[in-house]
>>> print(open('start_14.pdb').read())   # PDB, C-alpha atoms
ATOM      1  CA  GLY A   4       0.000   0.000   0.000
ATOM      2  CA  ALA A   5       0.982   3.671   0.349
ATOM      3  CA  LEU A   6       2.960   3.040   3.562
ATOM      4  CA  HIS A   7       4.973   0.324   1.823
ATOM      5  CA  ARG A   8       5.836   2.692  -1.061
ATOM      6  CA  VAL A   9       6.991   5.442   1.379
ATOM      7  CA  ARG A  10       9.218   2.961   3.215
ATOM      8  CA  LEU A  11      10.644   1.686  -0.070
ATOM      9  CA  ALA A  12      11.420   5.233  -1.254
ATOM     10  CA  ALA A  13      13.138   6.018   2.053
ATOM     11  CA  LEU A  14      15.209   2.833   1.758
ATOM     12  CA  TRP A  15      16.334   3.677  -1.781
ATOM     13  CA  SER A  16      17.254   7.216  -0.649
ATOM     14  CA  LEU A  17      19.414   5.764   2.132
ATOM     15  CA  VAL A  18      21.105   3.331  -0.267
ATOM     16  CA  LEU A  19      21.885   6.091  -2.806
ATOM     17  CA  THR A  20      23.264   8.403  -0.096
ATOM     18  CA  THR A  21      25.510   5.591   1.194
ATOM     19  CA  LEU A  22      26.797   4.829  -2.310
ATOM     20  CA  LEU A  23      27.525   8.512  -2.920
ATOM     21  CA  ALA A  24      29.398   8.743   0.375
ATOM     22  CA  LEU A  25      31.563   5.756  -0.591
ATOM     23  CA  CYS A  26      32.373   6.679  -4.182
ATOM     24  CA  CYS A  27      32.004  10.494  -4.193
ATOM     25  CA  PRO A  28      32.560  11.773  -0.631
ATOM     26  CA  GLY A  29      33.220  15.293  -1.880
ATOM     27  CA  VAL A  30      29.718  15.533  -3.341
ATOM     28  CA  VAL A  31      28.073  14.597  -0.053
ATOM     29  CA  ARG A  32      30.218  17.060   1.902
ATOM     30  CA  ALA A  33      29.380  19.834  -0.570
ATOM     31  CA  GLN A  34      25.670  19.129  -0.166
ATOM     32  CA  ALA A  35      25.878  19.002   3.636
ATOM     33  CA  ALA A  36      27.954  22.150   4.187
ATOM     34  CA  PRO A  37      26.428  25.413   2.884
ATOM     35  CA  ALA A  38      28.837  28.000   1.537
ATOM     36  CA  ALA A  39      30.005  30.579   4.087
ATOM     37  CA  LEU A  40      28.518  34.042   3.652
ATOM     38  CA  PRO A  41      30.892  36.922   2.775
ATOM     39  CA  ALA A  42      32.184  39.013   5.683
ATOM     40  CA  VAL A  43      30.626  42.474   6.019
ATOM     41  CA  VAL A  44      31.986  45.922   6.900
ATOM     42  CA  VAL A  45      29.562  48.652   8.020
ATOM     43  CA  TRP A  46      30.956  52.184   7.738
ATOM     44  CA  ASP A  47      29.821  55.187   9.764
ATOM     45  CA  PHE A  48      26.914  56.903   8.024
ATOM     46  CA  ASP A  49      27.398  60.266   6.296
ATOM     47  CA  ASN A  50      25.446  63.288   7.504
ATOM     48  CA  GLN A  51      24.211  64.755   4.207
ATOM     49  CA  SER A  52      21.808  67.281   5.719
ATOM     50  CA  PRO A  53      21.525  70.774   4.211
ATOM     51  CA  PRO A  54      23.665  73.382   6.019
ATOM     52  CA  GLY A  55      22.268  74.180   9.453
ATOM     53  CA  MET A  56      19.692  71.360   9.454
ATOM     54  CA  GLY A  57      21.607  68.339  10.787
ATOM     55  CA  THR A  58      23.318  69.790  13.844
ATOM     56  CA  GLY A  59      21.101  67.937  16.337
ATOM     57  CA  ALA A  60      21.485  64.644  14.500
ATOM     58  CA  GLU A  61      25.269  64.300  14.346
ATOM     59  CA  PHE A  62      25.126  61.369  16.787
ATOM     60  CA  LEU A  63      23.399  59.346  14.065
ATOM     61  CA  ARG A  64      26.653  59.009  12.101
ATOM     62  CA  ARG A  65      27.997  56.373  14.471
ATOM     63  CA  SER A  66      24.708  55.289  16.062
ATOM     64  CA  LEU A  67      22.997  54.231  12.817
ATOM     65  CA  SER A  68      26.088  52.247  11.851
ATOM     66  CA  GLU A  69      26.296  50.552  15.242
ATOM     67  CA  ASN A  70      22.562  49.849  15.296
ATOM     68  CA  LEU A  71      22.851  48.104  11.938
ATOM     69  CA  THR A  72      25.963  46.210  13.091
ATOM     70  CA  VAL A  73      24.109  44.870  16.139
ATOM     71  CA  SER A  74      21.213  43.777  13.922
ATOM     72  CA  LEU A  75      23.599  41.920  11.592
ATOM     73  CA  LEU A  76      25.406  40.256  14.497
ATOM     74  CA  GLN A  77      22.060  38.933  15.741
ATOM     75  CA  THR A  78      21.349  37.184  12.434
ATOM     76  CA  GLY A  79      22.548  33.698  11.715
ATOM     77  CA  GLY A  80      25.608  33.093   9.535
ATOM     78  CA  LEU A  81      26.856  36.658   9.059
ATOM     79  CA  GLN A  82      30.416  37.643   9.947
ATOM     80  CA  VAL A  83      30.737  41.376  10.671
ATOM     81  CA  VAL A  84      34.108  43.143  10.928
ATOM     82  CA  GLU A  85      34.053  44.965  14.261
ATOM     83  CA  ARG A  86      34.545  48.720  14.578
ATOM     84  CA  GLN A  87      37.774  48.479  16.608
ATOM     85  CA  ARG A  88      39.317  46.120  14.026
ATOM     86  CA  LEU A  89      38.631  48.762  11.364
ATOM     87  CA  LYS A  90      40.115  51.520  13.532
ATOM     88  CA  ASP A  91      43.267  49.473  14.118
ATOM     89  CA  LEU A  92      43.625  48.821  10.392
ATOM     90  CA  LEU A  93      43.186  52.517   9.580
ATOM     91  CA  ALA A  94      46.041  53.300  11.955
ATOM     92  CA  GLU A  95      48.224  50.563  10.423
ATOM     93  CA  GLN A  96      47.562  51.820   6.890
ATOM     94  CA  LYS A  97      48.045  55.468   7.993
ATOM     95  CA  LEU A  98      44.851  56.511   6.210
ATOM     96  CA  SER A  99      43.464  59.958   6.990
ATOM     97  CA  ALA A 100      39.802  60.948   7.246
ATOM     98  CA  ALA A 101      40.190  62.855   3.972
ATOM     99  CA  GLN A 102      41.379  59.711   2.197
ATOM    100  CA  LEU A 103      38.462  57.713   3.601
ATOM    101  CA  ALA A 104      36.022  60.196   2.106
ATOM    102  CA  ASP A 105      36.794  58.371  -1.155
ATOM    103  CA  GLU A 106      34.493  55.347  -1.397
ATOM    104  CA  ASP A 107      37.027  53.447  -3.530
ATOM    105  CA  ALA A 108      39.577  53.746  -0.721
ATOM    106  CA  ARG A 109      37.112  52.225   1.727
ATOM    107  CA  VAL A 110      36.360  49.376  -0.686
ATOM    108  CA  ARG A 111      40.107  48.649  -0.957
ATOM    109  CA  LEU A 112      40.333  48.634   2.829
ATOM    110  CA  GLY A 113      37.467  46.163   2.958
ATOM    111  CA  ARG A 114      39.392  43.815   0.689
ATOM    112  CA  ILE A 115      42.371  44.012   3.059
ATOM    113  CA  VAL A 116      40.264  42.792   6.010
ATOM    114  CA  GLY A 117      38.752  40.054   3.841
ATOM    115  CA  ALA A 118      35.267  41.549   3.581
ATOM    116  CA  GLY A 119      33.218  40.594   0.540
ATOM    117  CA  ARG A 120      30.504  43.163   1.234
ATOM    118  CA  MET A 121      30.531  46.772   2.412
ATOM    119  CA  VAL A 122      27.584  48.760   3.698
ATOM    120  CA  PHE A 123      27.560  52.503   3.031
ATOM    121  CA  GLY A 124      24.882  54.685   4.566
ATOM    122  CA  GLY A 125      23.842  58.274   4.827
ATOM    123  CA  TYR A 126      21.050  60.430   6.174
ATOM    124  CA  PHE A 127      19.683  63.922   5.941
ATOM    125  CA  VAL A 128      17.394  65.928   8.182
ATOM    126  CA  LEU A 129      14.457  67.755   6.650
ATOM    127  CA  GLY A 130      12.363  69.584   9.214
ATOM    128  CA  THR A 131      11.522  67.133  11.996
ATOM    129  CA  ASP A 132      12.140  64.010   9.884
ATOM    130  CA  VAL A 133      15.257  62.040   9.019
ATOM    131  CA  GLN A 134      15.649  60.068   5.801
ATOM    132  CA  VAL A 135      18.151  57.205   6.076
ATOM    133  CA  HIS A 136      19.511  55.281   3.093
ATOM    134  CA  VAL A 137      21.857  52.285   2.786
ATOM    135  CA  ARG A 138      23.733  50.505  -0.007
ATOM    136  CA  VAL A 139      25.489  47.128  -0.048
ATOM    137  CA  VAL A 140      28.522  47.025  -2.354
ATOM    138  CA  ASP A 141      30.441  43.965  -3.594
ATOM    139  CA  THR A 142      34.115  44.674  -2.804
ATOM    140  CA  ALA A 143      35.323  42.553  -5.734
ATOM    141  CA  THR A 144      33.336  44.381  -8.414
ATOM    142  CA  SER A 145      32.183  47.630  -6.674
ATOM    143  CA  ARG A 146      28.684  46.732  -7.878
ATOM    144  CA  VAL A 147      25.693  47.827  -5.765
ATOM    145  CA  LEU A 148      23.867  44.663  -4.690
ATOM    146  CA  PHE A 149      21.123  46.171  -2.535
ATOM    147  CA  SER A 150      19.761  49.585  -1.560
ATOM    148  CA  ASP A 151      16.987  50.712   0.742
ATOM    149  CA  GLU A 152      15.772  53.735   2.681
ATOM    150  CA  ALA A 153      13.562  54.697   5.607
ATOM    151  CA  THR A 154      12.077  57.959   6.885
ATOM    152  CA  ALA A 155      11.131  58.666  10.494
ATOM    153  CA  PRO A 156      10.863  61.525  13.012
ATOM    154  CA  LEU A 157      14.244  62.231  14.607
ATOM    155  CA  PRO A 158      13.274  61.038  18.146
ATOM    156  CA  GLN A 159      12.108  57.642  16.778
ATOM    157  CA  VAL A 160      14.524  57.096  13.907
ATOM    158  CA  MET A 161      16.719  54.540  15.749
ATOM    159  CA  GLN A 162      13.697  52.317  16.371
ATOM    160  CA  GLN A 163      12.029  52.820  12.996
ATOM    161  CA  VAL A 164      15.057  51.845  10.887
ATOM    162  CA  GLU A 165      14.825  48.298  12.267
ATOM    163  CA  PRO A 166      12.659  46.920   9.412
ATOM    164  CA  MET A 167      15.217  48.320   6.938
ATOM    165  CA  ASN A 168      18.042  46.682   8.913
ATOM    166  CA  ARG A 169      16.263  43.325   8.769
ATOM    167  CA  ARG A 170      15.699  43.647   5.008
ATOM    168  CA  LEU A 171      19.409  44.366   4.557
ATOM    169  CA  ALA A 172      20.339  41.329   6.687
ATOM    170  CA  ARG A 173      18.173  39.110   4.484
ATOM    171  CA  ALA A 174      19.749  40.612   1.341
ATOM    172  CA  LEU A 175      23.159  39.604   2.729
ATOM    173  CA  GLY A 176      21.919  36.041   3.148
ATOM    174  CA  GLY A 177      21.377  36.065   6.900
ATOM    175  CA  ALA A 178      18.331  35.036   8.855
ATOM    176  CA  SER A 179      16.159  37.822  10.233
ATOM    177  CA  GLY A 180      16.911  38.831  13.837
ATOM    178  CA  ASN A 181      14.606  40.200  16.503
ATOM    179  CA  GLY A 182      15.670  43.834  16.147
ATOM    180  CA  ASN A 183      16.603  46.349  18.825
ATOM    181  CA  SER A 184      14.688  49.037  20.644
ATOM    182  CA  TYR A 185      16.826  51.319  22.778
ATOM    183  CA  ALA A 186      16.131  54.822  24.037
ATOM    184  CA  ALA A 187      17.489  57.768  22.034
ATOM    185  CA  ALA A 188      19.292  59.030  25.171
ATOM    186  CA  SER A 189      21.248  55.762  25.378
ATOM    187  CA  TRP A 190      22.313  56.059  21.741
ATOM    188  CA  GLN A 191      23.483  59.634  22.288
ATOM    189  CA  ALA A 192      25.494  58.622  25.359
ATOM    190  CA  TYR A 193      26.939  55.709  23.389
ATOM    191  CA  ASP A 194      27.955  58.028  20.567
ATOM    192  CA  GLY A 195      29.813  60.186  23.092
ATOM    193  CA  ALA A 196      31.747  57.120  24.264
ATOM    194  CA  LEU A 197      32.612  56.175  20.676
ATOM    195  CA  ALA A 198      33.824  59.727  20.014
ATOM    196  CA  LEU A 199      36.210  59.370  22.971
ATOM    197  CA  ALA A 200      37.474  56.038  21.633
ATOM    198  CA  ASP A 201      37.943  57.476  18.132
ATOM    199  CA  ALA A 202      40.005  60.292  19.667
ATOM    200  CA  GLY A 203      42.287  57.746  21.353
ATOM    201  CA  ARG A 204      40.929  58.406  24.861
ATOM    202  CA  LEU A 205      40.271  54.743  25.561
ATOM    203  CA  ASP A 206      40.199  54.964  29.367
ATOM    204  CA  ASP A 207      37.627  57.760  29.218
ATOM    205  CA  ALA A 208      35.611  55.773  26.674
ATOM    206  CA  VAL A 209      35.595  52.734  28.988
ATOM    207  CA  GLN A 210      34.342  54.882  31.886
ATOM    208  CA  ALA A 211      31.614  56.391  29.690
ATOM    209  CA  LEU A 212      30.461  52.936  28.567
ATOM    210  CA  GLN A 213      30.421  51.647  32.135
ATOM    211  CA  ALA A 214      28.352  54.647  33.217
ATOM    212  CA  LEU A 215      25.942  54.025  30.328
ATOM    213  CA  LEU A 216      25.531  50.361  31.275
ATOM    214  CA  THR A 217      24.819  51.388  34.855
ATOM    215  CA  ARG A 218      21.871  53.442  33.561
ATOM    216  CA  ASP A 219      20.766  51.020  30.843
ATOM    217  CA  LYS A 220      21.817  47.435  31.586
ATOM    218  CA  THR A 221      20.148  46.090  28.410
ATOM    219  CA  PHE A 222      22.162  48.231  25.982
ATOM    220  CA  VAL A 223      23.958  45.463  24.064
ATOM    221  CA  PRO A 224      26.106  47.723  21.807
ATOM    222  CA  ALA A 225      27.820  49.213  24.884
ATOM    223  CA  GLU A 226      28.584  45.740  26.263
ATOM    224  CA  ARG A 227      30.165  44.665  22.974
ATOM    225  CA  GLN A 228      32.205  47.846  22.615
ATOM    226  CA  LEU A 229      33.353  47.725  26.237
ATOM    227  CA  VAL A 230      34.747  44.206  25.751
ATOM    228  CA  ALA A 231      36.573  45.331  22.588
ATOM    229  CA  LEU A 232      38.125  48.378  24.294
ATOM    230  CA  LEU A 233      39.188  46.451  27.400
ATOM    231  CA  ASP A 234      40.834  43.867  25.145
ATOM    232  CA  LYS A 235      42.638  46.637  23.253
ATOM    233  CA  LEU A 236      43.848  48.205  26.508
ATOM    234  CA  ALA A 237      45.085  44.819  27.738
ATOM    235  CA  ARG A 238      47.183  44.404  24.565
ATOM    236  CA  ARG A 239      48.945  47.743  24.953
TER     237      ARG A 239
END
>>> encode(input="start_14.pdb", output="structure tokens")
Amino acid sequence: GALHRVRLAALWSLVLTTLLALCCPGVVRAQAAPAALPAVVVWDFDNQSPPGMGTGAEFLRRSLSENLTVSLLQTGGLQVVERQRLKDLLAEQKLSAAQLADEDARVRLGRIVGAGRMVFGGYFVLGTDVQVHVRVVDTATSRVLFSDEATAPLPQVMQQVEPMNRRLARALGGASGNGNSYAAASWQAYDGALALADAGRLDDAVQALQALLTRDKTFVPAERQLVALLDKLARR
């Protein structure tokens, strides 16, 4: 009957898989192990606001980038190059901020760290709203693989870019994460700590991150950055 046919099909499938494993082990391994996804670099976002309109949103440069990085780290299978690794490489390569304004230079840097994908982002403030846009670039060909945008009021922009972040994660081949929802005040305090770290004031940055985590114990980006900075200080 039908049950007999199902059992017979399952038996033949087992026999064929065994034969393949014996005579063509490479084929079975290739089927069992999915290809690794390309590593990803997320750059700080560019503030492209008209003159005089983006002064209260400068913290978004680093915060939008870090928010996206956390979203990507929460998805399965994606390898993200951490911020401190990029900063160390910039110092090793003696690249100035002016040189990094050139997108081609950043793509070349991505190749050095072994990243197959780079995420470039920008935003501009118009009235009370912020429009955020992102692009994923293939470092081998410089071809744009994905682009997206989102618009939200400034006080809610960090929460309302989450659907865009999840779409980008799926475009990179990752599974969709749960997203983040942190207060704007925590992001602004976090940006201040990152500014200290970028200026080389690592001890002050560590203190700022510890103070932030005292106020907001759930703020995952600060935990991750604190571990990275303490590791960097220990290697000095």
>>> closest_atom_pairs(input="start_14.pdb", of="segment 179-230 of chain A", to="segment 62-69 of chain A", cutoff="7 Å", atoms="only C-alpha atoms", output="JSON lines")
{"residue": "A:Trp190", "atom": "CA", "partner": "A:Ser66", "partner_atom": "CA", "distance": 6.2}
{"residue": "A:Gln191", "atom": "CA", "partner": "A:Phe62", "partner_atom": "CA", "distance": 6.0}
{"residue": "A:Asp194", "atom": "CA", "partner": "A:Phe62", "partner_atom": "CA", "distance": 5.8}
>>> resolve_selection(input="start_14.pdb", expression="the PyMOL selection byres ((chain A and resi 211) around 9)", output="ChimeraX atom specification")
/A:192-193,195-196,199,206-210,212-216
>>> closest_residue(input="start_14.pdb", among="A:Val122, A:Val110, A:Val133, A:Val160", to="Thr72 of chain A", atoms="only C-alpha atoms")
A:Val122
>>> residues_around(input="start_14.pdb", residues="Val73 of chain A", least_positions_apart="6", cutoff="12 Å", atoms="all atoms listed in the file", output="VMD selection string")
chain A and resid 45 66 to 67 81 to 86 165 168 to 169 172 180 to 185 222 to 228
>>> atom_distance(input="start_14.pdb", atom1="atom CA of Ser150 of chain A", atom2="atom CA of Leu92 of chain A")
26.7 Å
>>> resolve_selection(input="start_14.pdb", expression="the PyMOL selection byres ((chain A and resi 120) around 6)", output="PDB file with C-alpha atoms, in the coordinates of the input")
ATOM      1  CA  VAL A  43      30.626  42.474   6.019  1.00  0.00           C
ATOM      2  CA  ALA A 118      35.267  41.549   3.581  1.00  0.00           C
ATOM      3  CA  GLY A 119      33.218  40.594   0.540  1.00  0.00           C
ATOM      4  CA  MET A 121      30.531  46.772   2.412  1.00  0.00           C
ATOM      5  CA  VAL A 140      28.522  47.025  -2.354  1.00  0.00           C
ATOM      6  CA  ASP A 141      30.441  43.965  -3.594  1.00  0.00           C
ATOM      7  CA  THR A 142      34.115  44.674  -2.804  1.00  0.00           C
TER       8      THR A 142
END
>>> atom_distance(input="start_14.pdb", atom1="atom CA of Ala186 of chain A", atom2="atom CA of Lys90 of chain A")
26.4 Å
>>> resolve_selection(input="start_14.pdb", expression="the PyMOL selection byres ((chain A and resi 123) around 6)", output="ChimeraX atom specification")
/A:46,122,124,137-138
>>> atom_distance(input="start_14.pdb", atom1="atom CA of Ala178 of chain A", atom2="atom CA of Gly80 of chain A")
7.6 Å
>>> residues_around(input="start_14.pdb", residues="Val116 of chain A", least_positions_apart="4", cutoff="9 Å", atoms="all atoms listed in the file", output="NGL selection string")
:A and (42 or 44 or 84 or 88-89 or 92 or 112)
>>> closest_residue(input="start_14.pdb", among="A:Ser52, A:Ala200, A:Ala174, A:Ile115", to="Val135 of chain A", atoms="all atoms listed in the file")
A:Ser52
>>> residues_around(input="start_14.pdb", residues="Pro54 of chain A", least_positions_apart="4", cutoff="12 Å", atoms="only C-alpha atoms", output="ChimeraX atom specification")
/A:50,58-59,127-129
>>> axis_aligned_box(input="start_14.pdb", around="segment 215-224 of chain A", padding_each_side="8 Å", output="lines of an AutoDock Vina configuration file")
center_x = 23.1
center_y = 49.7
center_z = 28.3
size_x = 22.0
size_y = 24.6
size_z = 29.0
>>> closest_residue(input="start_14.pdb", among="A:Val147, A:Lys97, A:Pro156, A:Val164", to="Asp132 of chain A", atoms="all atoms listed in the file")
A:Pro156
>>> residues_near_point(input="start_14.pdb", point="(40.5, 43.4, 24.3)", cutoff="12 Å", atoms="all atoms listed in the file", output="PyMOL selection string")
chain A and resi 87-88+205+209+227-239
>>> closest_residue(input="start_14.pdb", among="A:Leu76, A:Gly55, A:Ala94, A:Gly176", to="Phe149 of chain A", atoms="all atoms listed in the file")
A:Gly176
>>> closest_residue(input="start_14.pdb", among="A:Leu71, A:Leu197, A:Met56, A:Leu40", to="Pro166 of chain A", atoms="only C-alpha atoms")
A:Leu71
